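So this block is input-v7.pdb, PDB, C-alpha atoms:
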ATOM      1  CA  MET A   1     -12.965 -32.026  23.599
ATOM      2  CA  SER A   2      -9.281 -32.359  22.718
ATOM      3  CA  ALA A   3     -10.064 -32.458  18.991
ATOM      4  CA  ASP A   4     -11.792 -29.086  19.332
ATOM      5  CA  PHE A   5      -8.703 -27.704  20.959
ATOM      6  CA  ASP A   6      -6.418 -29.056  18.223
ATOM      7  CA  ASP A   7      -8.759 -27.712  15.551
ATOM      8  CA  LEU A   8      -8.636 -24.249  17.092
ATOM      9  CA  ILE A   9      -4.843 -24.306  17.277
ATOM     10  CA  GLU A  10      -4.711 -25.399  13.627
ATOM     11  CA  LEU A  11      -7.143 -22.633  12.724
ATOM     12  CA  SER A  12      -4.947 -20.104  14.557
ATOM     13  CA  ASP A  13      -1.964 -21.328  12.509
ATOM     14  CA  PHE A  14      -3.987 -20.704   9.370
ATOM     15  CA  TYR A  15      -4.978 -17.203  10.486
ATOM     16  CA  ILE A  16      -1.407 -16.342  11.434
ATOM     17  CA  VAL A  17      -0.027 -17.489   8.083
ATOM     18  CA  SER A  18      -2.816 -15.507   6.376
ATOM     19  CA  GLN A  19      -1.777 -12.441   8.420
ATOM     20  CA  LYS A  20      -5.187 -12.332  10.121
ATOM     21  CA  PHE A  21      -3.662 -11.861  13.548
ATOM     22  CA  GLU A  22      -6.758 -10.524  15.312
ATOM     23  CA  GLU A  23      -8.738 -13.541  14.127
ATOM     24  CA  ALA A  24      -5.964 -15.811  15.377
ATOM     25  CA  ILE A  25      -6.193 -14.212  18.831
ATOM     26  CA  LYS A  26      -9.957 -14.748  18.922
ATOM     27  CA  VAL A  27      -9.683 -18.500  18.257
ATOM     28  CA  LEU A  28      -6.747 -18.857  20.644
ATOM     29  CA  LYS A  29      -8.829 -17.274  23.410
ATOM     30  CA  LYS A  30     -11.508 -19.887  22.685
ATOM     31  CA  ALA A  31      -8.853 -22.613  22.834
ATOM     32  CA  GLU A  32      -7.662 -21.232  26.177
ATOM     33  CA  ASN A  33     -11.120 -21.912  27.624
ATOM     34  CA  ILE A  34     -10.695 -25.589  26.735
ATOM     35  CA  LYS A  35      -7.100 -26.185  27.804
ATOM     36  CA  LYS A  36      -4.706 -23.831  29.584
ATOM     37  CA  ILE A  37      -1.544 -25.873  29.895
ATOM     38  CA  ALA A  38      -0.540 -25.856  26.242
ATOM     39  CA  PRO A  39       2.705 -24.175  25.150
ATOM     40  CA  LYS A  40       1.708 -24.077  21.473
ATOM     41  CA  LEU A  41      -1.429 -22.086  22.384
ATOM     42  CA  TYR A  42       0.569 -19.366  24.138
ATOM     43  CA  TYR A  43       3.313 -19.470  21.529
ATOM     44  CA  ASN A  44       0.805 -18.724  18.762
ATOM     45  CA  LEU A  45      -0.751 -16.055  20.957
ATOM     46  CA  GLY A  46       2.696 -14.498  21.447
ATOM     47  CA  ILE A  47       3.327 -14.584  17.703
ATOM     48  CA  ALA A  48      -0.016 -12.918  16.929
ATOM     49  CA  TYR A  49       0.505 -10.195  19.539
ATOM     50  CA  GLU A  50       4.064  -9.620  18.348
ATOM     51  CA  ALA A  51       2.839  -9.257  14.770
ATOM     52  CA  LEU A  52       0.383  -6.604  15.976
ATOM     53  CA  ASN A  53       3.185  -4.853  17.882
ATOM     54  CA  GLU A  54       1.387  -5.488  21.157
ATOM     55  CA  ASN A  55       4.700  -6.330  22.710
ATOM     56  CA  ASP A  56       3.661  -6.376  26.386
ATOM     57  CA  LYS A  57       1.069  -9.054  25.681
ATOM     58  CA  ALA A  58       3.523 -10.904  23.421
ATOM     59  CA  ARG A  59       6.124 -10.974  26.203
ATOM     60  CA  ASP A  60       3.546 -12.270  28.709
ATOM     61  CA  SER A  61       2.516 -15.022  26.302
ATOM     62  CA  PHE A  62       6.083 -16.176  25.604
ATOM     63  CA  ARG A  63       6.776 -16.157  29.364
ATOM     64  CA  LEU A  64       3.778 -18.448  29.858
ATOM     65  CA  VAL A  65       5.123 -20.801  27.178
ATOM     66  CA  LEU A  66       8.451 -21.006  28.991
ATOM     67  CA  LYS A  67       6.751 -21.545  32.330
ATOM     68  CA  ILE A  68       5.024 -24.612  30.890
ATOM     69  CA  ASP A  69       7.948 -25.739  28.724
ATOM     70  CA  PRO A  70      11.288 -24.118  29.655
ATOM     71  CA  GLY A  71      12.959 -25.799  26.670
ATOM     72  CA  PHE A  72      10.728 -24.139  24.029
ATOM     73  CA  LYS A  73      13.573 -22.603  22.006
ATOM     74  CA  SER A  74      11.574 -20.393  19.619
ATOM     75  CA  ALA A  75       9.646 -18.862  22.526
ATOM     76  CA  ARG A  76      12.939 -18.061  24.278
ATOM     77  CA  GLU A  77      14.293 -16.438  21.079
ATOM     78  CA  HIS A  78      11.186 -14.296  20.625
ATOM     79  CA  LEU A  79      11.137 -13.267  24.293
ATOM     80  CA  ASP A  80      14.829 -12.331  24.251
ATOM     81  CA  LYS A  81      14.314 -10.245  21.118
ATOM     82  CA  LEU A  82      11.307  -8.447  22.615
ATOM     83  CA  ILE A  83      13.148  -7.699  25.846
ATOM     84  CA  GLU A  84      16.075  -6.189  23.943
ATOM     85  CA  GLU A  85      13.901  -3.912  21.807
TER      86      GLU A  85
ATOM     87  CA  MET B   1      36.134   3.228   3.129
ATOM     88  CA  LYS B   2      35.739   5.504   6.133
ATOM     89  CA  GLN B   3      38.209   5.060   8.969
ATOM     90  CA  PHE B   4      37.293   5.565  12.606
ATOM     91  CA  VAL B   5      39.357   5.711  15.765
ATOM     92  CA  VAL B   6      37.597   4.990  19.032
ATOM     93  CA  ILE B   7      39.402   6.168  22.154
ATOM     94  CA  GLY B   8      38.164   4.691  25.415
ATOM     95  CA  LEU B   9      36.634   1.223  25.390
ATOM     96  CA  GLY B  10      34.111   1.377  28.177
ATOM     97  CA  ARG B  11      30.494   0.368  27.590
ATOM     98  CA  PHE B  12      29.773   3.097  25.043
ATOM     99  CA  GLY B  13      33.179   3.078  23.318
ATOM    100  CA  SER B  14      33.278  -0.691  22.847
ATOM    101  CA  SER B  15      29.657  -0.727  21.624
ATOM    102  CA  ILE B  16      30.269   1.952  18.999
ATOM    103  CA  ALA B  17      33.522   0.261  17.897
ATOM    104  CA  LYS B  18      31.714  -3.056  17.440
ATOM    105  CA  ALA B  19      28.777  -1.432  15.651
ATOM    106  CA  LEU B  20      31.067   0.392  13.199
ATOM    107  CA  SER B  21      33.067  -2.783  12.550
ATOM    108  CA  ALA B  22      29.836  -4.670  11.888
ATOM    109  CA  LYS B  23      29.189  -2.076   9.179
ATOM    110  CA  ASN B  24      32.566  -3.003   7.669
ATOM    111  CA  PHE B  25      34.332   0.253   8.526
ATOM    112  CA  GLU B  26      37.972   0.266   9.473
ATOM    113  CA  VAL B  27      38.146   0.817  13.217
ATOM    114  CA  LEU B  28      41.160   1.464  15.417
ATOM    115  CA  ALA B  29      40.270   0.950  19.084
ATOM    116  CA  ILE B  30      42.452   2.439  21.813
ATOM    117  CA  ASP B  31      42.381   2.053  25.589
ATOM    118  CA  GLU B  32      45.005   1.883  28.293
ATOM    119  CA  ASN B  33      43.277  -1.086  29.874
ATOM    120  CA  GLU B  34      44.765  -4.265  28.426
ATOM    121  CA  GLU B  35      41.697  -6.360  29.180
ATOM    122  CA  SER B  36      39.350  -3.961  27.349
ATOM    123  CA  VAL B  37      41.661  -3.981  24.321
ATOM    124  CA  GLN B  38      41.931  -7.771  24.310
ATOM    125  CA  GLU B  39      38.137  -8.016  24.212
ATOM    126  CA  MET B  40      38.098  -5.995  20.983
ATOM    127  CA  GLU B  41      40.800  -7.997  19.235
ATOM    128  CA  GLY B  42      39.396  -9.863  16.264
ATOM    129  CA  THR B  43      36.323  -7.618  16.242
ATOM    130  CA  VAL B  44      37.886  -4.349  15.072
ATOM    131  CA  SER B  45      40.626  -3.793  12.465
ATOM    132  CA  GLN B  46      43.211  -2.916  15.111
ATOM    133  CA  ALA B  47      43.153  -2.658  18.900
ATOM    134  CA  VAL B  48      45.968  -0.929  20.746
ATOM    135  CA  VAL B  49      46.886  -0.586  24.416
ATOM    136  CA  MET B  50      48.102   2.946  24.999
ATOM    137  CA  ASP B  51      47.568   6.098  27.001
ATOM    138  CA  ALA B  52      45.689   8.291  24.527
ATOM    139  CA  THR B  53      46.928  11.469  26.226
ATOM    140  CA  ASP B  54      50.344  10.546  24.787
ATOM    141  CA  GLU B  55      50.475  12.830  21.737
ATOM    142  CA  LYS B  56      53.590  11.187  20.331
ATOM    143  CA  GLY B  57      51.931   7.776  20.494
ATOM    144  CA  LEU B  58      48.856   9.072  18.685
ATOM    145  CA  ARG B  59      51.026  10.581  15.927
ATOM    146  CA  GLU B  60      52.893   7.296  15.516
ATOM    147  CA  LEU B  61      49.573   5.542  14.962
ATOM    148  CA  GLY B  62      48.831   7.957  12.108
ATOM    149  CA  ILE B  63      45.662   9.185  13.825
ATOM    150  CA  LYS B  64      45.466  12.340  11.729
ATOM    151  CA  ASN B  65      44.679  10.241   8.663
ATOM    152  CA  PHE B  66      41.455   8.920  10.173
ATOM    153  CA  ASP B  67      38.130  10.431   9.142
ATOM    154  CA  THR B  68      36.479  10.517  12.541
ATOM    155  CA  ALA B  69      37.532  10.084  16.144
ATOM    156  CA  ILE B  70      35.109   9.100  18.879
ATOM    157  CA  VAL B  71      36.412   9.963  22.325
ATOM    158  CA  SER B  72      34.627   8.093  25.061
ATOM    159  CA  MET B  73      36.637   8.409  28.234
ATOM    160  CA  GLY B  74      34.532   7.119  31.079
ATOM    161  CA  GLU B  75      36.046   8.641  34.187
ATOM    162  CA  THR B  76      38.437  11.450  33.504
ATOM    163  CA  ILE B  77      37.051  14.699  32.152
ATOM    164  CA  GLU B  78      40.544  16.227  31.937
ATOM    165  CA  ASP B  79      41.784  13.392  29.721
ATOM    166  CA  SER B  80      38.907  13.687  27.256
ATOM    167  CA  ILE B  81      39.525  17.457  26.998
ATOM    168  CA  MET B  82      43.263  16.956  26.471
ATOM    169  CA  ILE B  83      42.723  14.245  23.864
ATOM    170  CA  THR B  84      40.140  16.331  21.993
ATOM    171  CA  LEU B  85      42.504  19.281  21.918
ATOM    172  CA  THR B  86      45.377  17.082  20.713
ATOM    173  CA  LEU B  87      43.286  15.458  17.993
ATOM    174  CA  LYS B  88      42.122  18.818  16.651
ATOM    175  CA  GLU B  89      45.674  20.227  16.762
ATOM    176  CA  MET B  90      46.799  17.187  14.792
ATOM    177  CA  GLY B  91      44.265  18.163  12.124
ATOM    178  CA  LEU B  92      41.633  15.479  12.592
ATOM    179  CA  ARG B  93      38.561  16.670  10.723
ATOM    180  CA  HIS B  94      35.764  15.204  12.787
ATOM    181  CA  VAL B  95      35.989  14.627  16.513
ATOM    182  CA  ILE B  96      32.970  13.358  18.444
ATOM    183  CA  VAL B  97      33.265  13.376  22.218
ATOM    184  CA  LYS B  98      31.143  11.884  24.964
ATOM    185  CA  ALA B  99      30.471  14.443  27.683
ATOM    186  CA  LYS B 100      29.591  13.902  31.308
ATOM    187  CA  SER B 101      28.070  17.281  32.130
ATOM    188  CA  ASP B 102      27.017  20.561  30.535
ATOM    189  CA  MET B 103      30.195  22.233  31.736
ATOM    190  CA  HIS B 104      32.272  19.413  30.256
ATOM    191  CA  SER B 105      30.374  19.848  26.982
ATOM    192  CA  LYS B 106      31.027  23.600  26.977
ATOM    193  CA  ILE B 107      34.766  23.081  27.398
ATOM    194  CA  LEU B 108      34.860  20.363  24.743
ATOM    195  CA  LYS B 109      33.217  22.713  22.245
ATOM    196  CA  ARG B 110      35.735  25.443  23.130
ATOM    197  CA  VAL B 111      38.681  23.128  22.464
ATOM    198  CA  GLY B 112      37.266  22.204  19.068
ATOM    199  CA  ALA B 113      35.024  19.138  19.416
ATOM    200  CA  ASP B 114      32.852  18.871  16.318
ATOM    201  CA  ARG B 115      30.076  17.083  18.121
ATOM    202  CA  VAL B 116      29.411  16.506  21.792
ATOM    203  CA  ILE B 117      27.138  13.659  22.779
ATOM    204  CA  PHE B 118      25.367  12.573  25.943
ATOM    205  CA  PRO B 119      24.443   8.949  25.164
ATOM    206  CA  GLU B 120      22.568   8.314  28.429
ATOM    207  CA  ARG B 121      20.647  11.579  28.117
ATOM    208  CA  GLU B 122      19.768  10.910  24.469
ATOM    209  CA  MET B 123      18.721   7.341  25.211
ATOM    210  CA  ALA B 124      16.624   8.514  28.171
ATOM    211  CA  ALA B 125      14.859  11.094  25.985
ATOM    212  CA  LYS B 126      14.097   8.408  23.372
ATOM    213  CA  LEU B 127      12.850   5.989  26.011
ATOM    214  CA  ALA B 128      10.634   8.683  27.551
ATOM    215  CA  GLU B 129       9.271   9.467  24.102
ATOM    216  CA  SER B 130       8.483   5.818  23.387
ATOM    217  CA  LEU B 131       6.840   5.392  26.809
ATOM    218  CA  ALA B 132       4.757   8.502  26.264
ATOM    219  CA  SER B 133       3.664   7.349  22.784
ATOM    220  CA  PRO B 134       3.875   3.556  22.640
ATOM    221  CA  LYS B 135       2.802   3.549  19.008
ATOM    222  CA  ILE B 136       5.807   5.663  17.998
ATOM    223  CA  PHE B 137       8.994   3.683  17.518
ATOM    224  CA  ASP B 138      11.218   6.435  16.239
ATOM    225  CA  PHE B 139      11.149  10.070  15.211
ATOM    226  CA  ILE B 140      13.641  11.959  13.108
ATOM    227  CA  GLU B 141      13.341  15.707  13.250
ATOM    228  CA  LEU B 142      13.912  17.246   9.819
ATOM    229  CA  SER B 143      13.099  20.782  10.932
ATOM    230  CA  LYS B 144      11.134  22.366  13.750
ATOM    231  CA  THR B 145       7.923  21.652  11.890
ATOM    232  CA  HIS B 146       8.617  18.495   9.849
ATOM    233  CA  GLY B 147       9.769  15.011  10.645
ATOM    234  CA  ILE B 148       9.862  11.348   9.771
ATOM    235  CA  VAL B 149       8.034   9.053  12.130
ATOM    236  CA  GLU B 150       8.043   5.276  12.476
ATOM    237  CA  MET B 151       4.708   4.234  13.959
ATOM    238  CA  VAL B 152       2.326   1.341  14.248
ATOM    239  CA  ALA B 153      -0.399   1.742  11.634
ATOM    240  CA  PRO B 154      -3.647   2.677  13.384
ATOM    241  CA  LYS B 155      -6.225  -0.137  13.224
ATOM    242  CA  LYS B 156      -8.571   2.104  11.237
ATOM    243  CA  LEU B 157      -6.159   2.017   8.309
ATOM    244  CA  ALA B 158      -5.914  -1.779   8.103
ATOM    245  CA  ASP B 159      -7.235  -3.742   5.122
ATOM    246  CA  LYS B 160      -7.301  -0.675   2.876
ATOM    247  CA  THR B 161      -5.020   0.280   0.008
ATOM    248  CA  LEU B 162      -3.003   3.493   0.087
ATOM    249  CA  ASP B 163      -5.122   4.683  -2.794
ATOM    250  CA  GLU B 164      -8.263   4.185  -0.702
ATOM    251  CA  LEU B 165      -6.705   5.835   2.341
ATOM    252  CA  LYS B 166      -5.525   8.932   0.457
ATOM    253  CA  LEU B 167      -3.171   9.882   3.276
ATOM    254  CA  ARG B 168      -1.398  12.440   1.143
ATOM    255  CA  THR B 169      -4.579  14.273   0.210
ATOM    256  CA  LYS B 170      -6.321  14.017   3.576
ATOM    257  CA  TYR B 171      -3.390  14.414   5.959
ATOM    258  CA  LYS B 172      -0.546  15.742   3.771
ATOM    259  CA  VAL B 173       1.765  12.909   4.812
ATOM    260  CA  ASN B 174       3.813  10.659   2.568
ATOM    261  CA  VAL B 175       4.261   6.962   3.231
ATOM    262  CA  ILE B 176       7.982   6.361   2.700
ATOM    263  CA  ALA B 177       7.936   2.687   3.633
ATOM    264  CA  ILE B 178       5.928  -0.071   5.267
ATOM    265  CA  LYS B 179       7.583  -2.566   7.601
ATOM    266  CA  ARG B 180       5.722  -5.817   7.936
ATOM    267  CA  LYS B 181       6.242  -9.034   9.865
ATOM    268  CA  VAL B 182       5.438 -11.776   7.387
ATOM    269  CA  PRO B 183       4.671 -15.131   9.025
ATOM    270  CA  ILE B 184       6.609 -18.155   7.860
ATOM    271  CA  THR B 185       6.378 -21.802   8.820
ATOM    272  CA  LYS B 186       9.650 -23.223  10.081
ATOM    273  CA  PRO B 187      10.760 -26.790   9.244
ATOM    274  CA  ASP B 188       9.636 -27.952  12.708
ATOM    275  CA  GLY B 189       6.125 -26.707  11.920
ATOM    276  CA  SER B 190       6.231 -23.701  14.247
ATOM    277  CA  THR B 191       5.456 -20.191  13.065
ATOM    278  CA  ASP B 192       7.980 -17.387  12.912
ATOM    279  CA  PHE B 193       8.452 -14.072  11.092
ATOM    280  CA  LYS B 194      10.579 -12.569   8.444
ATOM    281  CA  GLU B 195      10.553  -8.804   8.244
ATOM    282  CA  GLU B 196       9.623  -7.308   4.904
ATOM    283  CA  VAL B 197      10.167  -3.660   4.044
ATOM    284  CA  ILE B 198       8.152  -2.143   1.221
ATOM    285  CA  ILE B 199      10.003   0.955   0.115
ATOM    286  CA  ALA B 200       8.013   3.689  -1.626
ATOM    287  CA  PRO B 201       4.779   1.676  -1.580
ATOM    288  CA  GLY B 202       2.394   2.136  -4.482
ATOM    289  CA  PRO B 203      -1.307   3.031  -4.465
ATOM    290  CA  ASP B 204      -2.345  -0.626  -4.654
ATOM    291  CA  ASP B 205      -0.379  -1.655  -1.567
ATOM    292  CA  GLU B 206      -2.762  -2.652   1.198
ATOM    293  CA  LEU B 207      -2.080  -2.092   4.897
ATOM    294  CA  ILE B 208      -2.339  -5.027   7.278
ATOM    295  CA  SER B 209      -2.935  -4.946  11.049
ATOM    296  CA  GLY B 210       0.429  -4.662  12.767
ATOM    297  CA  ASP B 211       2.162  -2.882   9.876
ATOM    298  CA  ILE B 212       4.665  -0.217  10.833
ATOM    299  CA  LEU B 213       4.504   2.930   8.740
ATOM    300  CA  ILE B 214       7.370   5.283   8.048
ATOM    301  CA  LEU B 215       5.759   8.613   7.352
ATOM    302  CA  LEU B 216       7.082  11.985   6.309
ATOM    303  CA  GLY B 217       5.121  15.129   7.007
ATOM    304  CA  GLU B 218       4.387  18.115   9.161
ATOM    305  CA  ASN B 219       4.466  17.241  12.875
ATOM    306  CA  SER B 220       0.862  18.321  13.447
ATOM    307  CA  ASP B 221      -0.308  16.119  10.539
ATOM    308  CA  LEU B 222       1.708  13.155  11.799
ATOM    309  CA  GLU B 223       0.042  13.561  15.203
ATOM    310  CA  LYS B 224      -3.365  13.409  13.515
ATOM    311  CA  ILE B 225      -2.473  10.014  12.029
ATOM    312  CA  GLU B 226      -1.243   8.780  15.408
ATOM    313  CA  LYS B 227      -4.587   9.687  16.973
ATOM    314  CA  LEU B 228      -6.711   7.878  14.367
TER     315      LEU B 228
END

Can you present the structure in this file as structure tokens?
Amino acid sequence: MSADFDDLIELSDFYIVSQKFEEAIKVLKKAENIKKIAPKLYYNLGIAYEALNENDKARDSFRLVLKIDPGFKSAREHLDKLIEE
Amino acid sequence: MKQFVVIGLGRFGSSIAKALSAKNFEVLAIDENEESVQEMEGTVSQAVVMDATDEKGLRELGIKNFDTAIVSMGETIEDSIMITLTLKEMGLRHVIVKAKSDMHSKILKRVGADRVIFPEREMAAKLAESLASPKIFDFIELSKTHGIVEMVAPKKLADKTLDELKLRTKYKVNVIAIKRKVPITKPDGSTDFKEEVIIAPGPDDELISGDILILLGENSDLEKIEKL
């Protein structure tokens, strides 16, 4: 079960680096059905939404990251930047 | 290098002084509030505590040699009018003044202000525009009929080259630039972005989902692209 989750997160990393952001969102949604309390999942989701300029969804995702892990520095940086835009 | 004098270091005045300094311009910042001036020290070329309605003091600072003055007096309308008048009488070429009301603006123009601004009003108009059209980030009006727009590329255009899209032929718009968030992997393994700007993209450049297009064209044609 957990391996599936990790595989999906890894696949989302691949899609993000390949600039296939919509594909990344699809696999992250699948991963969300397996495990919800995972900062990396919502961080990648935030990154993909931000890349697509869907800033409301990106903000929500980064907020979820920080709710789970308040010390997630990159998520804080992205959220601050999105709020200032 | 252009030289600016910023008179009045409230929220707007201090922000413009900092922004101009960040662009490496020479900036003289003036306010009668010592605390406001101290905050600018080290950020701008020179920060001076003085009452800017004091004409003699302004002359001693060599204000007339500056290229542009920005007058941003927060509270007192009379002071901003007096200062504008003094600056123009001293021969300053370009005086930009922040106004509080239409009447204030009218008087400022009469006493010689070269440009009157309403920062809150302008910001509100931009915010309203962006809320009305979330895909539009910015719009520069070139004439009543033409403009430059910065907008999210419609999904329909993704994964196609500019040659395939033929935006110039079909919609009579020119793609001036493409802004793209390129993912990078940070040393800690997490993903981040670096922003890439492709200026004057060629026919083989392909659009990617999430690209921001800077387009030049007739307003009605730009609207057609937005609605795709």

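Once the ChimeraX specification (/B :<9) & /A is applied to this file, the selection holds Asp13, Ile16, Val17, Ser18, Gln19, Lys20, Phe21, Glu22, Lys40, Tyr43, Asn44, Ile47, Tyr49, Glu50, Ala51, Leu52, Asn53, Glu54, Ser74 and His78 of chain A.
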
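In this structure, CA of Ile198 (chain B) sits 22.2 Å away from CA of Asp221 (chain B).
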
- Report as number ranges by chain the full result of the PyMOL selection byres ((chain B and resi 68) around 8) when it is applied to this structure. B: 3-5, 66-67, 69-70, 92-96

Given 5 Å of margin on each side, can you work out the centre and size in Å (one decimal) of an axis-aligned box holding every listed atom of region 60-67 of chain B, as JSON?
{"center_x": 45.5, "center_y": 8.9, "center_z": 12.1, "size_x": 24.8, "size_y": 16.8, "size_z": 16.9}

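The space between CA of His104 (chain B) and CA of Ala124 (chain B) spans 19.2 Å.
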